[in-house]
Amino acid sequence: MKDVLSAMEQRFSTRGYTGEKLTKEETDCLIRAGLQAPTAANRQEVHITVVEGDNPILKEIEDQKNLERAVQNPPHNFYYEAPVVFLLSADKSFSWGRLDAGIAVQNMALAAEGLGLGSLIIGCIRDAMTGEKKDYFSKALKLPEGYEFEIAIAVGHKAAQKDPHVYSVEDNVTFL
Ligand SMILES: Cc1cc2nc3c(=O)[nH]c(=O)nc-3n(C[C@H](O)[C@H](O)[C@H](O)COP(=O)(O)O)c2cc1C
């Protein structure tokens with residue numbers, strides 16, 4: 001298991017996975033990492049829906065995303081054939097829900113890296129999830145009443161490599 005600073009430094013968006021499934025222990029660890037994230041006022045409102053990569057609902061979401069974005073024959077699906085996708089939703093009446101989901105998803109990304117797994121945070125399906133088929137997808141994914149999709153994360157064994165992104169302290173930080 002990597003320490004948290006190493007996981008932050010070494011994590012990268014993984015856009016290719018082997019077919020190997022996660023163990024129950026790995027899945028449980030990722031779920032716990034998401035739920036251990038802090039939430040505003042300790043509301044703990046973030047909900048996680050665990051979807052196996054071969055669940056047909058993912059193809060339906062992919063098709064809707066492509067329809068809305070007028071994409072034809074994409075070279076890969078939105079989760080790059082990962083063995084599992086976690087969809088995070090939050091109470092849409094709570095103004096911190098999206099931020100809480102973002103913090104939870106990053107906890108999960110770092111936990112995945114710590115376990116030696118790859119991950120990809122996914123926002124590109126948001127319009128599909130919250131558009132005209134919102135009620136259909138919310139029901140199919142069993143989102144709690146009044147909840148809305150916020151963010152997803154695909155996790156699996158890495159079959160693609162990429163350097164972590166570069167950044168500039170000079171451009172992005174002000175010291176007073
Ligand atoms: C909120 C959010 C949404 C993202 N959505 C997608 C997505 O839909 N598809 C994708 O391939 N990458 C997505 N990414 C990954 C970013 O493109 C990636 O984090 C960024 O290019 C930096 O690369 P790195 O993660 O390898 O450091 C998303 C990242 C964040 C934080």
# chains A, B, ... in the order shown; residues from 1 in each chain; ligands from 1
$ residues_around --residues "region 157-167 of chain A" --least-positions-apart "6" --cutoff "12 Å" --atoms "only C-alpha atoms" --output "VMD selection string"
chain A and resid 6 to 23 26 80 to 84 112 to 113 115 to 120 173
$ residues_around --residues "region 130-141 of chain A" --least-positions-apart "4" --cutoff "9 Å" --atoms "only C-alpha atoms" --output "PyMOL selection string"
chain A and resi 49-51+57+60-61+64+68+87+125-126+145+147-149
$ closest_residue --among "A:Gly123, A:Gly53, A:Pro38, A:Gly97" --to "Val155 (chain A)" --atoms "only C-alpha atoms"
A:Gly53
$ atom_distance --atom1 "CA of Phe78 (chain A)" --atom2 "CA of Lys65 (chain A)"
8.7 Å
$ residues_around --residues "Gln36 (chain A)" --least-positions-apart "4" --cutoff "12 Å" --atoms "only C-alpha atoms" --output "list in words"
Asp28, Cys29, Leu30, Ile31, Arg32, Asn42, Gln44, Glu45, Val46, Asp100, Ala101, Ile103, Ala104, Val105, Gln106, Asn107, Met108 and Ala111 of chain A
$ write_last_selection --atoms "C-alpha atoms" --output "PDB file, in the first residue's frame"
ATOM      1  CA  ASP A  28     -14.833  -2.512  -0.261  1.00  0.00           C
ATOM      2  CA  CYS A  29     -11.670  -0.483   0.305  1.00  0.00           C
ATOM      3  CA  LEU A  30     -12.642   1.958  -2.463  1.00  0.00           C
ATOM      4  CA  ILE A  31     -16.160   2.332  -1.096  1.00  0.00           C
ATOM      5  CA  ARG A  32     -14.815   2.996   2.394  1.00  0.00           C
ATOM      6  CA  ASN A  42     -21.012  16.063   8.191  1.00  0.00           C
ATOM      7  CA  GLN A  44     -22.652  12.259   4.604  1.00  0.00           C
ATOM      8  CA  GLU A  45     -25.080  12.648   1.723  1.00  0.00           C
ATOM      9  CA  VAL A  46     -22.884  11.263  -1.048  1.00  0.00           C
ATOM     10  CA  ASP A 100     -18.663  16.666  -1.352  1.00  0.00           C
ATOM     11  CA  ALA A 101     -18.900  14.206  -4.244  1.00  0.00           C
ATOM     12  CA  ILE A 103     -13.841  15.186  -2.465  1.00  0.00           C
ATOM     13  CA  ALA A 104     -15.164  11.630  -2.156  1.00  0.00           C
ATOM     14  CA  VAL A 105     -14.158  10.737  -5.704  1.00  0.00           C
ATOM     15  CA  GLN A 106     -10.610  11.987  -5.155  1.00  0.00           C
ATOM     16  CA  ASN A 107     -10.375   9.886  -1.986  1.00  0.00           C
ATOM     17  CA  MET A 108     -11.347   6.919  -4.154  1.00  0.00           C
ATOM     18  CA  ALA A 111      -7.181   4.736  -2.651  1.00  0.00           C
TER      19      ALA A 111
END
$ closest_residue --among "A:Asn66, A:Leu176, A:Ser168, A:Ala109" --to "Val4 (chain A)" --atoms "only C-alpha atoms"
A:Ala109
$ closest_residue --among "A:His76, A:Arg43, A:Lys142, A:Lys2" --to "ligand 1" --atoms "only C-alpha atoms and all ligand atoms"
A:His76
$ decode --residues "region 1-41 of chain A" --atoms "N, CA and C atoms" --output "tab-separated table (two decimals), in the first residue's frame"
chain	number	residue	atom	x	y	z
A	1	MET	N	0.85	-1.21	0.00
A	1	MET	CA	0.00	0.00	0.00
A	1	MET	C	0.88	1.25	0.00
A	2	LYS	N	0.64	2.17	-0.95
A	2	LYS	CA	1.46	3.39	-1.02
A	2	LYS	C	1.01	4.39	0.04
A	3	ASP	N	1.97	5.23	0.48
A	3	ASP	CA	1.55	6.32	1.35
A	3	ASP	C	0.83	7.38	0.51
A	4	VAL	N	0.11	8.25	1.19
A	4	VAL	CA	-0.80	9.14	0.47
A	4	VAL	C	-0.05	10.13	-0.43
A	5	LEU	N	1.12	10.61	-0.01
A	5	LEU	CA	1.85	11.56	-0.86
A	5	LEU	C	2.37	10.89	-2.12
A	6	SER	N	2.84	9.65	-2.00
A	6	SER	CA	3.28	8.91	-3.19
A	6	SER	C	2.10	8.66	-4.12
A	7	ALA	N	0.96	8.31	-3.55
A	7	ALA	CA	-0.22	8.06	-4.38
A	7	ALA	C	-0.61	9.32	-5.15
A	8	MET	N	-0.55	10.47	-4.49
A	8	MET	CA	-0.88	11.74	-5.18
A	8	MET	C	0.10	12.01	-6.32
A	9	GLU	N	1.39	11.78	-6.05
A	9	GLU	CA	2.42	12.07	-7.06
A	9	GLU	C	2.33	11.12	-8.25
A	10	GLN	N	1.96	9.88	-7.99
A	10	GLN	CA	2.05	8.86	-9.05
A	10	GLN	C	0.72	8.61	-9.77
A	11	ARG	N	-0.39	9.06	-9.20
A	11	ARG	CA	-1.69	8.84	-9.85
A	11	ARG	C	-1.76	9.54	-11.20
A	12	PHE	N	-2.36	8.89	-12.15
A	12	PHE	CA	-2.65	9.53	-13.44
A	12	PHE	C	-3.97	8.96	-13.94
A	13	SER	N	-4.61	9.67	-14.82
A	13	SER	CA	-5.88	9.19	-15.38
A	13	SER	C	-5.59	7.99	-16.27
A	14	THR	N	-6.14	6.85	-15.89
A	14	THR	CA	-5.87	5.60	-16.60
A	14	THR	C	-6.94	5.40	-17.67
A	15	ARG	N	-6.50	5.34	-18.92
A	15	ARG	CA	-7.44	5.20	-20.04
A	15	ARG	C	-7.16	3.90	-20.79
A	16	GLY	N	-7.18	2.80	-20.05
A	16	GLY	CA	-6.99	1.46	-20.60
A	16	GLY	C	-6.82	0.49	-19.45
A	17	TYR	N	-7.58	-0.61	-19.48
A	17	TYR	CA	-7.59	-1.56	-18.36
A	17	TYR	C	-7.49	-2.99	-18.88
A	18	THR	N	-6.89	-3.86	-18.05
A	18	THR	CA	-6.92	-5.29	-18.34
A	18	THR	C	-8.33	-5.78	-18.00
A	19	GLY	N	-8.63	-7.00	-18.34
A	19	GLY	CA	-9.96	-7.53	-18.04
A	19	GLY	C	-10.12	-8.01	-16.60
A	20	GLU	N	-9.03	-7.93	-15.83
A	20	GLU	CA	-9.08	-8.48	-14.46
A	20	GLU	C	-10.03	-7.70	-13.58
A	21	LYS	N	-10.89	-8.45	-12.88
A	21	LYS	CA	-11.86	-7.79	-11.99
A	21	LYS	C	-11.20	-7.40	-10.67
A	22	LEU	N	-11.85	-6.53	-9.95
A	22	LEU	CA	-11.38	-6.19	-8.61
A	22	LEU	C	-11.84	-7.27	-7.64
A	23	THR	N	-11.06	-7.46	-6.59
A	23	THR	CA	-11.52	-8.36	-5.54
A	23	THR	C	-12.56	-7.64	-4.69
A	24	LYS	N	-13.28	-8.42	-3.90
A	24	LYS	CA	-14.27	-7.82	-3.00
A	24	LYS	C	-13.56	-6.88	-2.01
A	25	GLU	N	-12.37	-7.28	-1.56
A	25	GLU	CA	-11.62	-6.44	-0.61
A	25	GLU	C	-11.25	-5.10	-1.25
A	26	GLU	N	-10.83	-5.15	-2.53
A	26	GLU	CA	-10.48	-3.90	-3.21
A	26	GLU	C	-11.71	-3.01	-3.37
A	27	THR	N	-12.80	-3.62	-3.79
A	27	THR	CA	-14.04	-2.83	-3.96
A	27	THR	C	-14.47	-2.22	-2.63
A	28	ASP	N	-14.43	-3.02	-1.58
A	28	ASP	CA	-14.83	-2.51	-0.26
A	28	ASP	C	-13.92	-1.38	0.19
A	29	CYS	N	-12.63	-1.51	-0.08
A	29	CYS	CA	-11.67	-0.48	0.30
A	29	CYS	C	-11.98	0.84	-0.41
A	30	LEU	N	-12.32	0.75	-1.69
A	30	LEU	CA	-12.64	1.96	-2.46
A	30	LEU	C	-13.92	2.61	-1.94
A	31	ILE	N	-14.91	1.79	-1.63
A	31	ILE	CA	-16.16	2.33	-1.10
A	31	ILE	C	-15.90	3.04	0.24
A	32	ARG	N	-15.11	2.39	1.09
A	32	ARG	CA	-14.81	3.00	2.39
A	32	ARG	C	-14.06	4.31	2.21
A	33	ALA	N	-13.13	4.35	1.25
A	33	ALA	CA	-12.38	5.58	0.99
A	33	ALA	C	-13.34	6.71	0.60
A	34	GLY	N	-14.32	6.39	-0.22
A	34	GLY	CA	-15.30	7.41	-0.63
A	34	GLY	C	-16.12	7.89	0.55
A	35	LEU	N	-16.54	6.95	1.37
A	35	LEU	CA	-17.41	7.32	2.50
A	35	LEU	C	-16.64	7.95	3.65
A	36	GLN	N	-15.31	7.75	3.67
A	36	GLN	CA	-14.50	8.38	4.71
A	36	GLN	C	-14.21	9.84	4.41
A	37	ALA	N	-14.53	10.27	3.20
A	37	ALA	CA	-14.27	11.67	2.84
A	37	ALA	C	-15.11	12.60	3.71
A	38	PRO	N	-14.56	13.76	4.02
A	38	PRO	CA	-15.36	14.72	4.79
A	38	PRO	C	-16.51	15.24	3.94
A	39	THR	N	-17.59	15.63	4.60
A	39	THR	CA	-18.72	16.26	3.90
A	39	THR	C	-19.13	17.50	4.68
A	40	ALA	N	-19.66	18.47	3.98
A	40	ALA	CA	-20.08	19.72	4.63
A	40	ALA	C	-21.10	19.40	5.72
A	41	ALA	N	-20.87	19.99	6.89
A	41	ALA	CA	-21.76	19.80	8.05
A	41	ALA	C	-21.92	18.31	8.40
